[in-house]
Each structure stands twice: as structure tokens, then as C-alpha cells.
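Okay, structure first, notes after.
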Amino acid sequence: MAAQNQLPIAIPKDLPQMEEEINYSERAQWLRAAVLGANDGLVTVASLILGVGALKHDARAIILAGFAGLFAGACSMAIGEFVSVYTQLDIEKAQIKREKATMAGNGGAEESEREALPNPWQAAAASAIAFSLGAVLPLLAAAFVEDHRVRQGVVVAATTAGLVGFGGVGAVLGRTKVVRSCVRVVVGGWMAMAITFGLTKLLGSSGFEM
């Protein structure tokens, strides 16, 4: 009789999977800003070092130009990311209010949607910090090399390694294809550095001097 009164309790097995999906959804809010900032800082400062080095071989001037690019770029990325995400936040909040008015108020759905909204401060901080970390790599590579030609090669090699690393980390955290992400990031970085170096070299050959 006691055995007949026992009711089986089903324990859902997909709770870890649901929690994991929620974590990845929240992580995507700052992951895009962090990866974009790191890649931008790496490519921007490396291109600046190569561009200045195409006209001026003084290591001190190149490093100072790199640090100026680091500070200016980090501030620019943070402000731009904050404005962009805040605008997106205002749009999504307005959309939630319109849906609430038309759907006669589903409080639970509204709360869950509001929790998934992006955080402008978090995105701005992640973008600025990531930009600075990415920009430090080519600066360190250029700071300890005396010869001009060797310095240029070391900066390109260090930047390429950094692009591969950032592309791989972004792909792993975002659960996308690692090889495709790394190739896309590296090719984009090489194009930016080549264009900057070529245009600066062209200015130098036309008589412009720093």
C-alpha cells in the first residue's frame, strides 16, 4: 500500500543546459565589445607604429605616437560603445513598452526581457580595457628593438600572433568556428596595417616629413 502511494518525481535534465544558454546570452553583451576593442587596439596602434616608422626611424617618437594612439583610441572606443549601446537600450525599452501596451501587460515576460538588455557601462568599460590591452602588445614589441627594420618585422609578427589569439578567444567564448574567426581577424588586421603603411610611405615619398 505504501509503495502505491509513492509518486515518481521527474528531475529535468536540461537545467544545466538552460543555465549555460543564459550565461552565454549574458556574456554576449560584453564579449562583442571586448573582442572588437582588443582587435581594434592591436591593429590601430600597430598600424600607427608602422606608419610613423615608414617616415621616422626614431624609436622614441614611434613609442610616443603609439601611446598617444592608445589613450586616444581607448577613450574613443569607450565613448562610442557607450553611446551605441545606450541608444540600443533606449530603443529596446521603448519596444518593450509598446509590446506591454498591446499585450495587456505580461509582467514576467517583461522582466525577463529587461534582464537581457545590454549594459552601456559594462560594454564601454570592456571596450576601453580590451583596446588598451590589445594596444600594449605592439608597443612592447617595438620598445625593446633598436634596429628599424627588425622593429617593423617584430611588430608585424607580434600583431599577427595577437590577432590569432584574440580571434581564437572570441571564437571559443562565443562558440563559433575558431579557424574561420582567426583567419578573418588576421586578414583584416594585415589589410589595415598594409594600407596605413602604404599611404604613409606615399606621403613620405611626395615630400611630406614629420
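Chain labels A, B, ... are given in the sequence in which chains occur in the C-alpha cells; within each chain residues are numbered consecutively from 1, and ligands are likewise numbered from 1 in the order shown.
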
- Message: Quick one: residues within 12 Å of Ile62 (chain A), only C-alpha atoms, excluding same-chain residues fewer than 5 positions away - as a list in words?
- Response: Val45, Ala46, Ser47, Leu48, Ile49, Leu50, Gly51, Val52, Gly53, Ala54, Leu55, Lys56, His57, Phe67, Ala68, Gly69, Pro138, Leu139, Leu140, Ala141, Ala142, Ala143, Val145, Glu146, His148, Arg151, Gln152, Val155 and Met210 of chain A

Serialized selection, N, CA and C atoms, as a PDB file, in the first residue's frame:
```pdb
ATOM      1  N   VAL A  45      47.170  50.593 -33.110  1.00  0.00           N
ATOM      2  CA  VAL A  45      48.495  51.010 -32.632  1.00  0.00           C
ATOM      3  C   VAL A  45      49.593  50.392 -33.480  1.00  0.00           C
ATOM      4  N   ALA A  46      49.426  49.146 -33.910  1.00  0.00           N
ATOM      5  CA  ALA A  46      50.428  48.541 -34.787  1.00  0.00           C
ATOM      6  C   ALA A  46      50.515  49.290 -36.110  1.00  0.00           C
ATOM      7  N   SER A  47      49.378  49.647 -36.678  1.00  0.00           N
ATOM      8  CA  SER A  47      49.378  50.424 -37.926  1.00  0.00           C
ATOM      9  C   SER A  47      50.001  51.793 -37.717  1.00  0.00           C
ATOM     10  N   LEU A  48      49.733  52.407 -36.553  1.00  0.00           N
ATOM     11  CA  LEU A  48      50.322  53.703 -36.258  1.00  0.00           C
ATOM     12  C   LEU A  48      51.842  53.606 -36.130  1.00  0.00           C
ATOM     13  N   ILE A  49      52.322  52.555 -35.459  1.00  0.00           N
ATOM     14  CA  ILE A  49      53.764  52.359 -35.319  1.00  0.00           C
ATOM     15  C   ILE A  49      54.416  52.122 -36.676  1.00  0.00           C
ATOM     16  N   LEU A  50      53.796  51.302 -37.507  1.00  0.00           N
ATOM     17  CA  LEU A  50      54.359  51.036 -38.837  1.00  0.00           C
ATOM     18  C   LEU A  50      54.302  52.286 -39.708  1.00  0.00           C
ATOM     19  N   GLY A  51      53.211  53.043 -39.596  1.00  0.00           N
ATOM     20  CA  GLY A  51      53.083  54.238 -40.411  1.00  0.00           C
ATOM     21  C   GLY A  51      54.090  55.308 -40.035  1.00  0.00           C
ATOM     22  N   VAL A  52      54.238  55.562 -38.732  1.00  0.00           N
ATOM     23  CA  VAL A  52      55.222  56.538 -38.288  1.00  0.00           C
ATOM     24  C   VAL A  52      56.629  56.044 -38.598  1.00  0.00           C
ATOM     25  N   GLY A  53      56.846  54.737 -38.437  1.00  0.00           N
ATOM     26  CA  GLY A  53      58.157  54.184 -38.741  1.00  0.00           C
ATOM     27  C   GLY A  53      58.524  54.254 -40.204  1.00  0.00           C
ATOM     28  N   ALA A  54      57.527  54.366 -41.081  1.00  0.00           N
ATOM     29  CA  ALA A  54      57.820  54.500 -42.503  1.00  0.00           C
ATOM     30  C   ALA A  54      58.443  55.846 -42.826  1.00  0.00           C
ATOM     31  N   LEU A  55      58.202  56.864 -41.983  1.00  0.00           N
ATOM     32  CA  LEU A  55      58.743  58.202 -42.215  1.00  0.00           C
ATOM     33  C   LEU A  55      59.852  58.571 -41.248  1.00  0.00           C
ATOM     34  N   LYS A  56      59.784  58.032 -40.027  1.00  0.00           N
ATOM     35  CA  LYS A  56      60.737  58.431 -38.994  1.00  0.00           C
ATOM     36  C   LYS A  56      61.245  57.182 -38.285  1.00  0.00           C
ATOM     37  N   HIS A  57      62.563  57.053 -38.158  1.00  0.00           N
ATOM     38  CA  HIS A  57      63.162  55.851 -37.582  1.00  0.00           C
ATOM     39  C   HIS A  57      63.483  56.013 -36.102  1.00  0.00           C
ATOM     40  N   PHE A  67      51.720  55.438 -27.775  1.00  0.00           N
ATOM     41  CA  PHE A  67      50.992  55.691 -26.529  1.00  0.00           C
ATOM     42  C   PHE A  67      49.882  56.724 -26.738  1.00  0.00           C
ATOM     43  N   ALA A  68      50.145  57.722 -27.565  1.00  0.00           N
ATOM     44  CA  ALA A  68      49.089  58.684 -27.871  1.00  0.00           C
ATOM     45  C   ALA A  68      47.908  58.004 -28.547  1.00  0.00           C
ATOM     46  N   GLY A  69      48.201  57.091 -29.465  1.00  0.00           N
ATOM     47  CA  GLY A  69      47.135  56.327 -30.106  1.00  0.00           C
ATOM     48  C   GLY A  69      46.389  55.442 -29.128  1.00  0.00           C
ATOM     49  N   PRO A 138      51.819  45.589 -29.466  1.00  0.00           N
ATOM     50  CA  PRO A 138      52.787  46.136 -30.418  1.00  0.00           C
ATOM     51  C   PRO A 138      53.725  47.168 -29.799  1.00  0.00           C
ATOM     52  N   LEU A 139      53.279  47.877 -28.765  1.00  0.00           N
ATOM     53  CA  LEU A 139      54.160  48.833 -28.100  1.00  0.00           C
ATOM     54  C   LEU A 139      55.316  48.121 -27.405  1.00  0.00           C
ATOM     55  N   LEU A 140      55.018  47.033 -26.717  1.00  0.00           N
ATOM     56  CA  LEU A 140      56.084  46.262 -26.078  1.00  0.00           C
ATOM     57  C   LEU A 140      57.029  45.653 -27.107  1.00  0.00           C
ATOM     58  N   ALA A 141      56.472  45.215 -28.232  1.00  0.00           N
ATOM     59  CA  ALA A 141      57.312  44.627 -29.279  1.00  0.00           C
ATOM     60  C   ALA A 141      58.254  45.662 -29.883  1.00  0.00           C
ATOM     61  N   ALA A 142      57.803  46.912 -29.985  1.00  0.00           N
ATOM     62  CA  ALA A 142      58.628  47.950 -30.591  1.00  0.00           C
ATOM     63  C   ALA A 142      59.598  48.587 -29.611  1.00  0.00           C
ATOM     64  N   ALA A 143      59.311  48.498 -28.319  1.00  0.00           N
ATOM     65  CA  ALA A 143      60.105  49.232 -27.333  1.00  0.00           C
ATOM     66  C   ALA A 143      61.489  48.636 -27.116  1.00  0.00           C
ATOM     67  N   VAL A 145      63.445  46.888 -29.346  1.00  0.00           N
ATOM     68  CA  VAL A 145      64.204  46.590 -30.570  1.00  0.00           C
ATOM     69  C   VAL A 145      64.812  47.892 -31.077  1.00  0.00           C
ATOM     70  N   GLU A 146      66.117  47.893 -31.293  1.00  0.00           N
ATOM     71  CA  GLU A 146      66.818  49.095 -31.733  1.00  0.00           C
ATOM     72  C   GLU A 146      66.774  49.270 -33.243  1.00  0.00           C
ATOM     73  N   HIS A 148      65.694  49.495 -36.973  1.00  0.00           N
ATOM     74  CA  HIS A 148      64.408  49.906 -37.524  1.00  0.00           C
ATOM     75  C   HIS A 148      63.718  48.777 -38.288  1.00  0.00           C
ATOM     76  N   ARG A 151      62.603  46.074 -36.007  1.00  0.00           N
ATOM     77  CA  ARG A 151      61.464  46.529 -35.215  1.00  0.00           C
ATOM     78  C   ARG A 151      60.161  46.386 -35.989  1.00  0.00           C
ATOM     79  N   GLN A 152      60.176  46.774 -37.262  1.00  0.00           N
ATOM     80  CA  GLN A 152      58.970  46.653 -38.078  1.00  0.00           C
ATOM     81  C   GLN A 152      58.525  45.195 -38.195  1.00  0.00           C
ATOM     82  N   VAL A 155      57.080  43.943 -34.864  1.00  0.00           N
ATOM     83  CA  VAL A 155      55.728  44.482 -34.634  1.00  0.00           C
ATOM     84  C   VAL A 155      54.701  43.712 -35.453  1.00  0.00           C
ATOM     85  N   MET A 210      57.894  64.418 -41.151  1.00  0.00           N
ATOM     86  CA  MET A 210      57.394  64.594 -39.787  1.00  0.00           C
ATOM     87  C   MET A 210      58.436  65.350 -38.950  1.00  0.00           C
TER      88      MET A 210
END
```

Cut-off 9 Å: closest region 147-175 of chain A/region 125-134 of chain A atom pairs per residue, using only C-alpha atoms, as CSV:
```
residue,atom,partner,partner_atom,distance
A:Thr159,CA,A:Gly134,CA,8.9
A:Gly162,CA,A:Gly134,CA,7.6
A:Leu163,CA,A:Gly134,CA,9.0
A:Phe166,CA,A:Gly134,CA,8.7
```

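When only C-alpha atoms are used to measure the gap to Val185 (chain A), the shortest distance among A:Ala33, A:Ile96, A:Ala74, A:Ala161 belongs to A:Ala161.
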
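With distances restricted to only C-alpha atoms, A:Val183 is the closest residue to Gly167 (chain A) from A:Ala61, A:Ala123, A:Leu42, A:Val183.
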
- Message: One decimal, in Å: what's the spacing between CA of Lys93 (chain A) and CA of Arg175 (chain A)?
- Response: 28.1 Å

- Message: Under the rule that only C-alpha atoms are counted, which of A:Leu31, A:Ala124, A:Val186, A:Leu137 is the nearest residue to Ser76 (chain A)?
- Response: A:Ala124

- Query: What is the distance between CA of Thr44 (chain A) and CA of Leu70 (chain A), in Å to one decimal?
  - Reply: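 Rounded to one decimal, the two atoms are 8.4 Å apart.
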
- Item | Point-to-point distance from CA of Asp90 (chain A) to CA of Trp121 (chain A), Å rounded to tenths | 13.9 Å

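Proximity of A:Val43, A:Ala157, A:Ala34, A:Leu203 to Gly188 (chain A), computed with only C-alpha atoms, is greatest for A:Val43.
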
- Message: Restricting the calculation to only C-alpha atoms: of A:Ala65, A:Arg98, A:Gly170, A:Asp58, which residue gets closest to Leu36 (chain A)?
- Response: A:Gly170
